[in-house]
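**Student:** Sharing model09.pdb (PDB, N, CA and C atoms) below.
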```
ATOM      1  N   MET J1075     -19.705 127.264 153.061
ATOM      2  CA  MET J1075     -20.626 128.299 153.460
ATOM      3  C   MET J1075     -20.951 129.144 152.239
ATOM      4  N   SER J1076     -22.247 129.289 151.946
ATOM      5  CA  SER J1076     -22.637 130.085 150.800
ATOM      6  C   SER J1076     -23.603 131.175 151.218
ATOM      7  N   SER J1077     -23.667 132.192 150.406
ATOM      8  CA  SER J1077     -24.537 133.323 150.681
ATOM      9  C   SER J1077     -25.289 133.675 149.417
ATOM     10  N   CYS J1078     -26.504 134.167 149.591
ATOM     11  CA  CYS J1078     -27.260 134.594 148.416
ATOM     12  C   CYS J1078     -26.917 136.033 148.039
ATOM     13  N   CYS J1079     -26.081 136.675 148.814
ATOM     14  CA  CYS J1079     -25.754 138.076 148.551
ATOM     15  C   CYS J1079     -24.486 138.197 147.715
ATOM     16  N   THR J1080     -24.509 139.126 146.795
ATOM     17  CA  THR J1080     -23.348 139.394 145.964
ATOM     18  C   THR J1080     -22.413 140.339 146.710
ATOM     19  N   PRO J1081     -21.182 140.490 146.228
ATOM     20  CA  PRO J1081     -20.233 141.373 146.915
ATOM     21  C   PRO J1081     -20.740 142.815 147.083
ATOM     22  N   ASP J1082     -21.623 143.272 146.175
ATOM     23  CA  ASP J1082     -22.111 144.649 146.295
ATOM     24  C   ASP J1082     -23.296 144.757 147.270
ATOM     25  N   GLY J1083     -23.694 143.620 147.884
ATOM     26  CA  GLY J1083     -24.752 143.656 148.888
ATOM     27  C   GLY J1083     -26.143 143.369 148.362
ATOM     28  N   SER J1084     -26.265 143.171 147.049
ATOM     29  CA  SER J1084     -27.596 142.859 146.519
ATOM     30  C   SER J1084     -27.841 141.361 146.633
ATOM     31  N   CYS J1085     -29.096 140.975 146.609
ATOM     32  CA  CYS J1085     -29.445 139.570 146.753
ATOM     33  C   CYS J1085     -29.506 138.917 145.388
ATOM     34  N   SER J1086     -28.928 137.728 145.253
ATOM     35  CA  SER J1086     -28.948 137.025 143.974
ATOM     36  C   SER J1086     -29.774 135.753 144.046
ATOM     37  N   THR J1087     -30.643 135.634 145.033
ATOM     38  CA  THR J1087     -31.475 134.450 145.160
ATOM     39  C   THR J1087     -32.432 134.373 143.984
ATOM     40  N   ASN J1088     -32.544 133.201 143.395
ATOM     41  CA  ASN J1088     -33.469 132.997 142.278
ATOM     42  C   ASN J1088     -34.804 132.590 142.856
ATOM     43  N   ALA J1089     -35.765 133.499 142.865
ATOM     44  CA  ALA J1089     -37.086 133.239 143.445
ATOM     45  C   ALA J1089     -37.794 132.097 142.737
ATOM     46  N   GLY J1090     -37.592 131.941 141.436
ATOM     47  CA  GLY J1090     -38.231 130.862 140.701
ATOM     48  C   GLY J1090     -37.816 129.500 141.217
ATOM     49  N   GLU J1091     -36.528 129.336 141.537
ATOM     50  CA  GLU J1091     -36.058 128.065 142.075
ATOM     51  C   GLU J1091     -36.658 127.821 143.445
ATOM     52  N   ALA J1092     -36.716 128.845 144.271
ATOM     53  CA  ALA J1092     -37.267 128.677 145.608
ATOM     54  C   ALA J1092     -38.738 128.289 145.528
ATOM     55  N   THR J1093     -39.486 128.919 144.640
ATOM     56  CA  THR J1093     -40.894 128.608 144.489
ATOM     57  C   THR J1093     -41.079 127.168 144.025
ATOM     58  N   THR J1094     -40.279 126.750 143.062
ATOM     59  CA  THR J1094     -40.391 125.389 142.560
ATOM     60  C   THR J1094     -40.029 124.387 143.649
ATOM     61  N   ALA J1095     -39.005 124.670 144.422
ATOM     62  CA  ALA J1095     -38.554 123.744 145.443
ATOM     63  C   ALA J1095     -39.563 123.590 146.569
ATOM     64  N   THR J1096     -40.370 124.611 146.803
ATOM     65  CA  THR J1096     -41.316 124.550 147.904
ATOM     66  C   THR J1096     -42.763 124.459 147.421
ATOM     67  N   ALA J1097     -42.947 124.059 146.162
ATOM     68  CA  ALA J1097     -44.297 123.980 145.607
ATOM     69  C   ALA J1097     -45.136 122.949 146.359
ATOM     70  N   VAL J1098     -46.418 123.212 146.446
ATOM     71  CA  VAL J1098     -47.338 122.302 147.096
ATOM     72  C   VAL J1098     -47.368 120.993 146.310
ATOM     73  N   ALA J1099     -47.489 119.876 147.001
ATOM     74  CA  ALA J1099     -47.379 118.554 146.388
ATOM     75  C   ALA J1099     -48.379 118.308 145.257
ATOM     76  N   ASP J1100     -49.559 118.910 145.294
ATOM     77  CA  ASP J1100     -50.561 118.615 144.271
ATOM     78  C   ASP J1100     -50.500 119.566 143.076
ATOM     79  N   THR J1101     -49.425 120.314 142.949
ATOM     80  CA  THR J1101     -49.240 121.174 141.784
ATOM     81  C   THR J1101     -48.069 120.650 140.964
ATOM     82  N   THR J1102     -48.093 120.984 139.677
ATOM     83  CA  THR J1102     -47.034 120.565 138.775
ATOM     84  C   THR J1102     -46.545 121.785 138.008
ATOM     85  N   ALA J1103     -45.231 122.025 138.028
ATOM     86  CA  ALA J1103     -44.629 123.098 137.244
ATOM     87  C   ALA J1103     -43.979 122.462 136.022
ATOM     88  N   THR J1104     -44.405 122.881 134.832
ATOM     89  CA  THR J1104     -43.883 122.339 133.585
ATOM     90  C   THR J1104     -43.305 123.486 132.768
ATOM     91  N   VAL J1105     -42.097 123.286 132.242
ATOM     92  CA  VAL J1105     -41.421 124.323 131.470
ATOM     93  C   VAL J1105     -41.512 123.969 129.983
ATOM     94  N   TYR J1106     -41.978 124.938 129.208
ATOM     95  CA  TYR J1106     -42.132 124.763 127.768
ATOM     96  C   TYR J1106     -41.218 125.733 127.029
ATOM     97  N   ALA J1107     -40.711 125.296 125.881
ATOM     98  CA  ALA J1107     -39.947 126.174 124.989
ATOM     99  C   ALA J1107     -40.947 126.831 124.037
ATOM    100  N   VAL J1108     -40.862 128.163 123.938
ATOM    101  CA  VAL J1108     -41.776 128.911 123.078
ATOM    102  C   VAL J1108     -40.956 129.840 122.192
ATOM    103  N   SER J1109     -41.224 129.818 120.893
ATOM    104  CA  SER J1109     -40.485 130.685 119.972
ATOM    105  C   SER J1109     -41.306 131.909 119.609
ATOM    106  N   GLY J1110     -40.604 132.985 119.299
ATOM    107  CA  GLY J1110     -41.238 134.213 118.828
ATOM    108  C   GLY J1110     -41.428 135.289 119.877
ATOM    109  N   MET J1111     -41.060 135.026 121.128
ATOM    110  CA  MET J1111     -41.245 136.029 122.186
ATOM    111  C   MET J1111     -40.082 137.022 122.166
ATOM    112  N   THR J1112     -40.431 138.332 122.195
ATOM    113  CA  THR J1112     -39.367 139.340 122.145
ATOM    114  C   THR J1112     -39.544 140.499 123.127
ATOM    115  N   CYS J1113     -40.736 140.649 123.737
ATOM    116  CA  CYS J1113     -40.954 141.849 124.551
ATOM    117  C   CYS J1113     -42.018 141.627 125.622
ATOM    118  N   GLY J1114     -42.298 142.673 126.362
ATOM    119  CA  GLY J1114     -43.301 142.623 127.422
ATOM    120  C   GLY J1114     -44.688 142.318 126.903
ATOM    121  N   HIS J1115     -45.000 142.778 125.691
ATOM    122  CA  HIS J1115     -46.304 142.449 125.100
ATOM    123  C   HIS J1115     -46.437 140.940 124.921
ATOM    124  N   CYS J1116     -45.357 140.288 124.520
ATOM    125  CA  CYS J1116     -45.351 138.830 124.355
ATOM    126  C   CYS J1116     -45.678 138.161 125.690
ATOM    127  N   ARG J1117     -45.031 138.627 126.751
ATOM    128  CA  ARG J1117     -45.264 138.086 128.090
ATOM    129  C   ARG J1117     -46.735 138.224 128.466
ATOM    130  N   THR J1118     -47.299 139.408 128.239
ATOM    131  CA  THR J1118     -48.688 139.673 128.601
ATOM    132  C   THR J1118     -49.646 138.792 127.794
ATOM    133  N   ALA J1119     -49.410 138.674 126.492
ATOM    134  CA  ALA J1119     -50.288 137.884 125.629
ATOM    135  C   ALA J1119     -50.278 136.413 126.027
ATOM    136  N   ILE J1120     -49.104 135.848 126.242
ATOM    137  CA  ILE J1120     -49.001 134.429 126.603
ATOM    138  C   ILE J1120     -49.564 134.193 128.000
ATOM    139  N   THR J1121     -49.226 135.060 128.934
ATOM    140  CA  THR J1121     -49.733 134.903 130.300
ATOM    141  C   THR J1121     -51.256 134.920 130.317
ATOM    142  N   GLY J1122     -51.857 135.862 129.614
ATOM    143  CA  GLY J1122     -53.316 135.960 129.586
ATOM    144  C   GLY J1122     -53.970 134.754 128.952
ATOM    145  N   SER J1123     -53.433 134.299 127.843
ATOM    146  CA  SER J1123     -54.013 133.176 127.117
ATOM    147  C   SER J1123     -53.900 131.873 127.904
ATOM    148  N   VAL J1124     -52.720 131.585 128.436
ATOM    149  CA  VAL J1124     -52.506 130.327 129.158
ATOM    150  C   VAL J1124     -53.197 130.360 130.522
ATOM    151  N   SER J1125     -53.205 131.512 131.190
ATOM    152  CA  SER J1125     -53.844 131.630 132.505
ATOM    153  C   SER J1125     -55.342 131.349 132.450
ATOM    154  N   ALA J1126     -55.961 131.566 131.291
ATOM    155  CA  ALA J1126     -57.401 131.363 131.147
ATOM    156  C   ALA J1126     -57.793 129.881 131.125
ATOM    157  N   LEU J1127     -56.822 128.992 130.972
ATOM    158  CA  LEU J1127     -57.119 127.558 130.911
ATOM    159  C   LEU J1127     -57.500 127.010 132.286
ATOM    160  N   ASP J1128     -58.417 126.057 132.290
ATOM    161  CA  ASP J1128     -58.798 125.382 133.530
ATOM    162  C   ASP J1128     -57.592 124.661 134.113
ATOM    163  N   GLY J1129     -57.422 124.775 135.414
ATOM    164  CA  GLY J1129     -56.350 124.069 136.105
ATOM    165  C   GLY J1129     -55.034 124.814 136.185
ATOM    166  N   VAL J1130     -54.908 125.928 135.446
ATOM    167  CA  VAL J1130     -53.651 126.683 135.477
ATOM    168  C   VAL J1130     -53.645 127.598 136.692
ATOM    169  N   ILE J1131     -52.608 127.459 137.517
ATOM    170  CA  ILE J1131     -52.468 128.254 138.735
ATOM    171  C   ILE J1131     -51.625 129.492 138.478
ATOM    172  N   SER J1132     -50.519 129.325 137.744
ATOM    173  CA  SER J1132     -49.670 130.472 137.441
ATOM    174  C   SER J1132     -48.894 130.236 136.148
ATOM    175  N   VAL J1133     -48.454 131.355 135.555
ATOM    176  CA  VAL J1133     -47.673 131.320 134.318
ATOM    177  C   VAL J1133     -46.502 132.276 134.504
ATOM    178  N   ASP J1134     -45.288 131.806 134.220
ATOM    179  CA  ASP J1134     -44.104 132.651 134.308
ATOM    180  C   ASP J1134     -43.401 132.610 132.953
ATOM    181  N   VAL J1135     -43.230 133.776 132.336
ATOM    182  CA  VAL J1135     -42.636 133.866 131.005
ATOM    183  C   VAL J1135     -41.221 134.427 131.106
ATOM    184  N   ASP J1136     -40.252 133.674 130.589
ATOM    185  CA  ASP J1136     -38.852 134.103 130.518
ATOM    186  C   ASP J1136     -38.557 134.409 129.047
ATOM    187  N   ILE J1137     -38.696 135.676 128.681
ATOM    188  CA  ILE J1137     -38.532 136.081 127.286
ATOM    189  C   ILE J1137     -37.128 135.772 126.785
ATOM    190  N   ALA J1138     -36.108 136.153 127.551
ATOM    191  CA  ALA J1138     -34.723 135.956 127.119
ATOM    192  C   ALA J1138     -34.394 134.482 126.903
ATOM    193  N   GLY J1139     -34.938 133.622 127.766
ATOM    194  CA  GLY J1139     -34.659 132.197 127.651
ATOM    195  C   GLY J1139     -35.597 131.464 126.712
ATOM    196  N   GLY J1140     -36.676 132.135 126.282
ATOM    197  CA  GLY J1140     -37.653 131.485 125.423
ATOM    198  C   GLY J1140     -38.429 130.400 126.134
ATOM    199  N   LEU J1141     -38.646 130.604 127.448
ATOM    200  CA  LEU J1141     -39.296 129.580 128.261
ATOM    201  C   LEU J1141     -40.565 130.096 128.922
ATOM    202  N   VAL J1142     -41.536 129.215 129.041
ATOM    203  CA  VAL J1142     -42.775 129.525 129.747
ATOM    204  C   VAL J1142     -42.990 128.405 130.765
ATOM    205  N   THR J1143     -43.057 128.781 132.047
ATOM    206  CA  THR J1143     -43.310 127.812 133.105
ATOM    207  C   THR J1143     -44.774 127.912 133.493
ATOM    208  N   VAL J1144     -45.472 126.791 133.395
ATOM    209  CA  VAL J1144     -46.895 126.739 133.708
ATOM    210  C   VAL J1144     -47.078 125.847 134.926
ATOM    211  N   THR J1145     -47.672 126.405 135.981
ATOM    212  CA  THR J1145     -47.966 125.627 137.178
ATOM    213  C   THR J1145     -49.444 125.275 137.160
ATOM    214  N   THR J1146     -49.717 123.982 137.265
ATOM    215  CA  THR J1146     -51.085 123.491 137.190
ATOM    216  C   THR J1146     -51.429 122.674 138.429
ATOM    217  N   GLY J1147     -52.714 122.554 138.696
ATOM    218  CA  GLY J1147     -53.183 121.671 139.747
ATOM    219  C   GLY J1147     -53.303 120.284 139.155
ATOM    220  N   GLY J1148     -52.276 119.482 139.303
ATOM    221  CA  GLY J1148     -52.256 118.162 138.682
ATOM    222  C   GLY J1148     -51.463 118.185 137.392
ATOM    223  N   ALA J1149     -51.669 117.163 136.565
ATOM    224  CA  ALA J1149     -50.924 117.038 135.312
ATOM    225  C   ALA J1149     -51.368 118.108 134.313
ATOM    226  N   PRO J1150     -50.419 118.703 133.593
ATOM    227  CA  PRO J1150     -50.782 119.733 132.609
ATOM    228  C   PRO J1150     -51.385 119.109 131.358
ATOM    229  N   ASP J1151     -52.232 119.859 130.681
ATOM    230  CA  ASP J1151     -52.798 119.446 129.392
ATOM    231  C   ASP J1151     -51.938 120.105 128.320
ATOM    232  N   ASP J1152     -50.908 119.386 127.867
ATOM    233  CA  ASP J1152     -49.957 119.948 126.909
ATOM    234  C   ASP J1152     -50.637 120.467 125.644
ATOM    235  N   ALA J1153     -51.641 119.738 125.141
ATOM    236  CA  ALA J1153     -52.322 120.152 123.913
ATOM    237  C   ALA J1153     -53.062 121.469 124.115
ATOM    238  N   ALA J1154     -53.739 121.620 125.260
ATOM    239  CA  ALA J1154     -54.469 122.863 125.539
ATOM    240  C   ALA J1154     -53.503 124.024 125.730
ATOM    241  N   ILE J1155     -52.377 123.774 126.386
ATOM    242  CA  ILE J1155     -51.386 124.831 126.593
ATOM    243  C   ILE J1155     -50.780 125.241 125.250
ATOM    244  N   ALA J1156     -50.468 124.262 124.400
ATOM    245  CA  ALA J1156     -49.932 124.564 123.065
ATOM    246  C   ALA J1156     -50.935 125.385 122.256
ATOM    247  N   ALA J1157     -52.214 125.033 122.350
ATOM    248  CA  ALA J1157     -53.251 125.771 121.620
ATOM    249  C   ALA J1157     -53.371 127.202 122.145
ATOM    250  N   ALA J1158     -53.270 127.387 123.464
ATOM    251  CA  ALA J1158     -53.356 128.730 124.052
ATOM    252  C   ALA J1158     -52.177 129.584 123.623
ATOM    253  N   VAL J1159     -50.981 128.993 123.585
ATOM    254  CA  VAL J1159     -49.790 129.716 123.127
ATOM    255  C   VAL J1159     -49.963 130.082 121.652
ATOM    256  N   ASP J1160     -50.479 129.152 120.854
ATOM    257  CA  ASP J1160     -50.729 129.403 119.432
ATOM    258  C   ASP J1160     -51.753 130.525 119.254
ATOM    259  N   ASP J1161     -52.822 130.498 120.047
ATOM    260  CA  ASP J1161     -53.855 131.537 119.984
ATOM    261  C   ASP J1161     -53.283 132.917 120.301
ATOM    262  N   ALA J1162     -52.246 132.945 121.153
ATOM    263  CA  ALA J1162     -51.609 134.215 121.507
ATOM    264  C   ALA J1162     -50.659 134.693 120.397
ATOM    265  N   GLY J1163     -50.388 133.814 119.411
ATOM    266  CA  GLY J1163     -49.543 134.205 118.288
ATOM    267  C   GLY J1163     -48.108 133.713 118.362
ATOM    268  N   TYR J1164     -47.854 132.686 119.182
ATOM    269  CA  TYR J1164     -46.495 132.167 119.357
ATOM    270  C   TYR J1164     -46.519 130.664 119.148
ATOM    271  N   GLU J1165     -45.336 130.048 119.126
ATOM    272  CA  GLU J1165     -45.261 128.612 118.883
ATOM    273  C   GLU J1165     -44.600 127.889 120.039
ATOM    274  N   LEU J1166     -45.354 126.963 120.648
ATOM    275  CA  LEU J1166     -44.798 126.098 121.674
ATOM    276  C   LEU J1166     -44.070 124.990 120.935
ATOM    277  N   THR J1167     -42.766 124.867 121.156
ATOM    278  CA  THR J1167     -41.970 123.905 120.410
ATOM    279  C   THR J1167     -41.697 122.625 121.185
ATOM    280  N   GLY J1168     -42.201 122.543 122.415
ATOM    281  CA  GLY J1168     -42.033 121.326 123.217
ATOM    282  C   GLY J1168     -41.699 121.656 124.660
ATOM    283  N   ARG J1169     -41.559 120.609 125.440
ATOM    284  CA  ARG J1169     -41.141 120.803 126.835
ATOM    285  C   ARG J1169     -39.647 121.077 126.857
ATOM    286  N   ALA J1170     -39.253 121.956 127.763
ATOM    287  CA  ALA J1170     -37.827 122.319 127.871
ATOM    288  C   ALA J1170     -37.117 121.378 128.812
TER     289      ALA J1170
END
```
Please express what this file holds, its structure, as structure tokens.

**Tutor:**
Amino acid sequence: MSSCCTPDGSCSTNAGEATTATAVADTTATVYAVSGMTCGHCRTAITGSVSALDGVISVDVDIAGGLVTVTTGGAPDDAAIAAAVDDAGYELTGRA
């Protein structure tokens, strides 16, 4: 028997995992490693740049982990996503 609640009563459910597990069949979530991210401005810059691409449904930036999860309608265009990350001033180093 498991619970998502911690002993202090707060919830420890990882919403990102739940979203990925219940994603609609025609979407693809791809996780990329990105270097150079350090703050909220980084999150905003990458989110704005990648979100502007055709087919991108959502962008989730994990600054501490150096990861960017891009959800697309269908297969992602890795080259376009890498270019958008580069345009924002960061380096996509590959899929995580």

**Student:** Write out as JSON, numbers by chain each polymer residue whose atoms come within 6 Å of Gly1140 in chain J, counting only N, CA and C atoms; drop sequence neighbours fewer than 3 positions from it.

**Tutor:** {"J": [1106, 1107, 1108, 1109, 1136, 1137]}

**Student:** In Å, with one decimal, what is the gap from atom C of Thr1104 in chain J to atom C of Ser1132 in chain J?

**Tutor:** 9.4 Å

**Student:** Run the PyMOL selection byres ((chain J and resi 1146-1159) around 6) mentally over the shown coordinates, then write out the matched residues as number ranges by chain, using the chain letters and numbers from the document.

**Tutor:** J: 1100-1104, 1120, 1123-1124, 1129-1132, 1144-1145, 1160-1166

**Student:** Could you pull out the helix (DSSP H, G or I) residues of range 1108-1142 of chain J, going by DSSP on the backbone, and write them as a list in words?

**Tutor:**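 Output for range 1108-1142 of chain J, helix (DSSP H, G or I) only: Gly1114, His1115, Cys1116, Arg1117, Thr1118, Ala1119, Ile1120, Thr1121, Gly1122, Ser1123, Val1124 and Ser1125 of chain J.
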
**Student:** Which residue is closest to Leu1141 in chain J? Choose from J:Leu1127, J:Val1105, J:Gly1114, J:Thr1121 and count only N, CA and C atoms.

**Tutor:**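 Counting only N, CA and C atoms, the residue closest to Leu1141 in chain J is J:Val1105.
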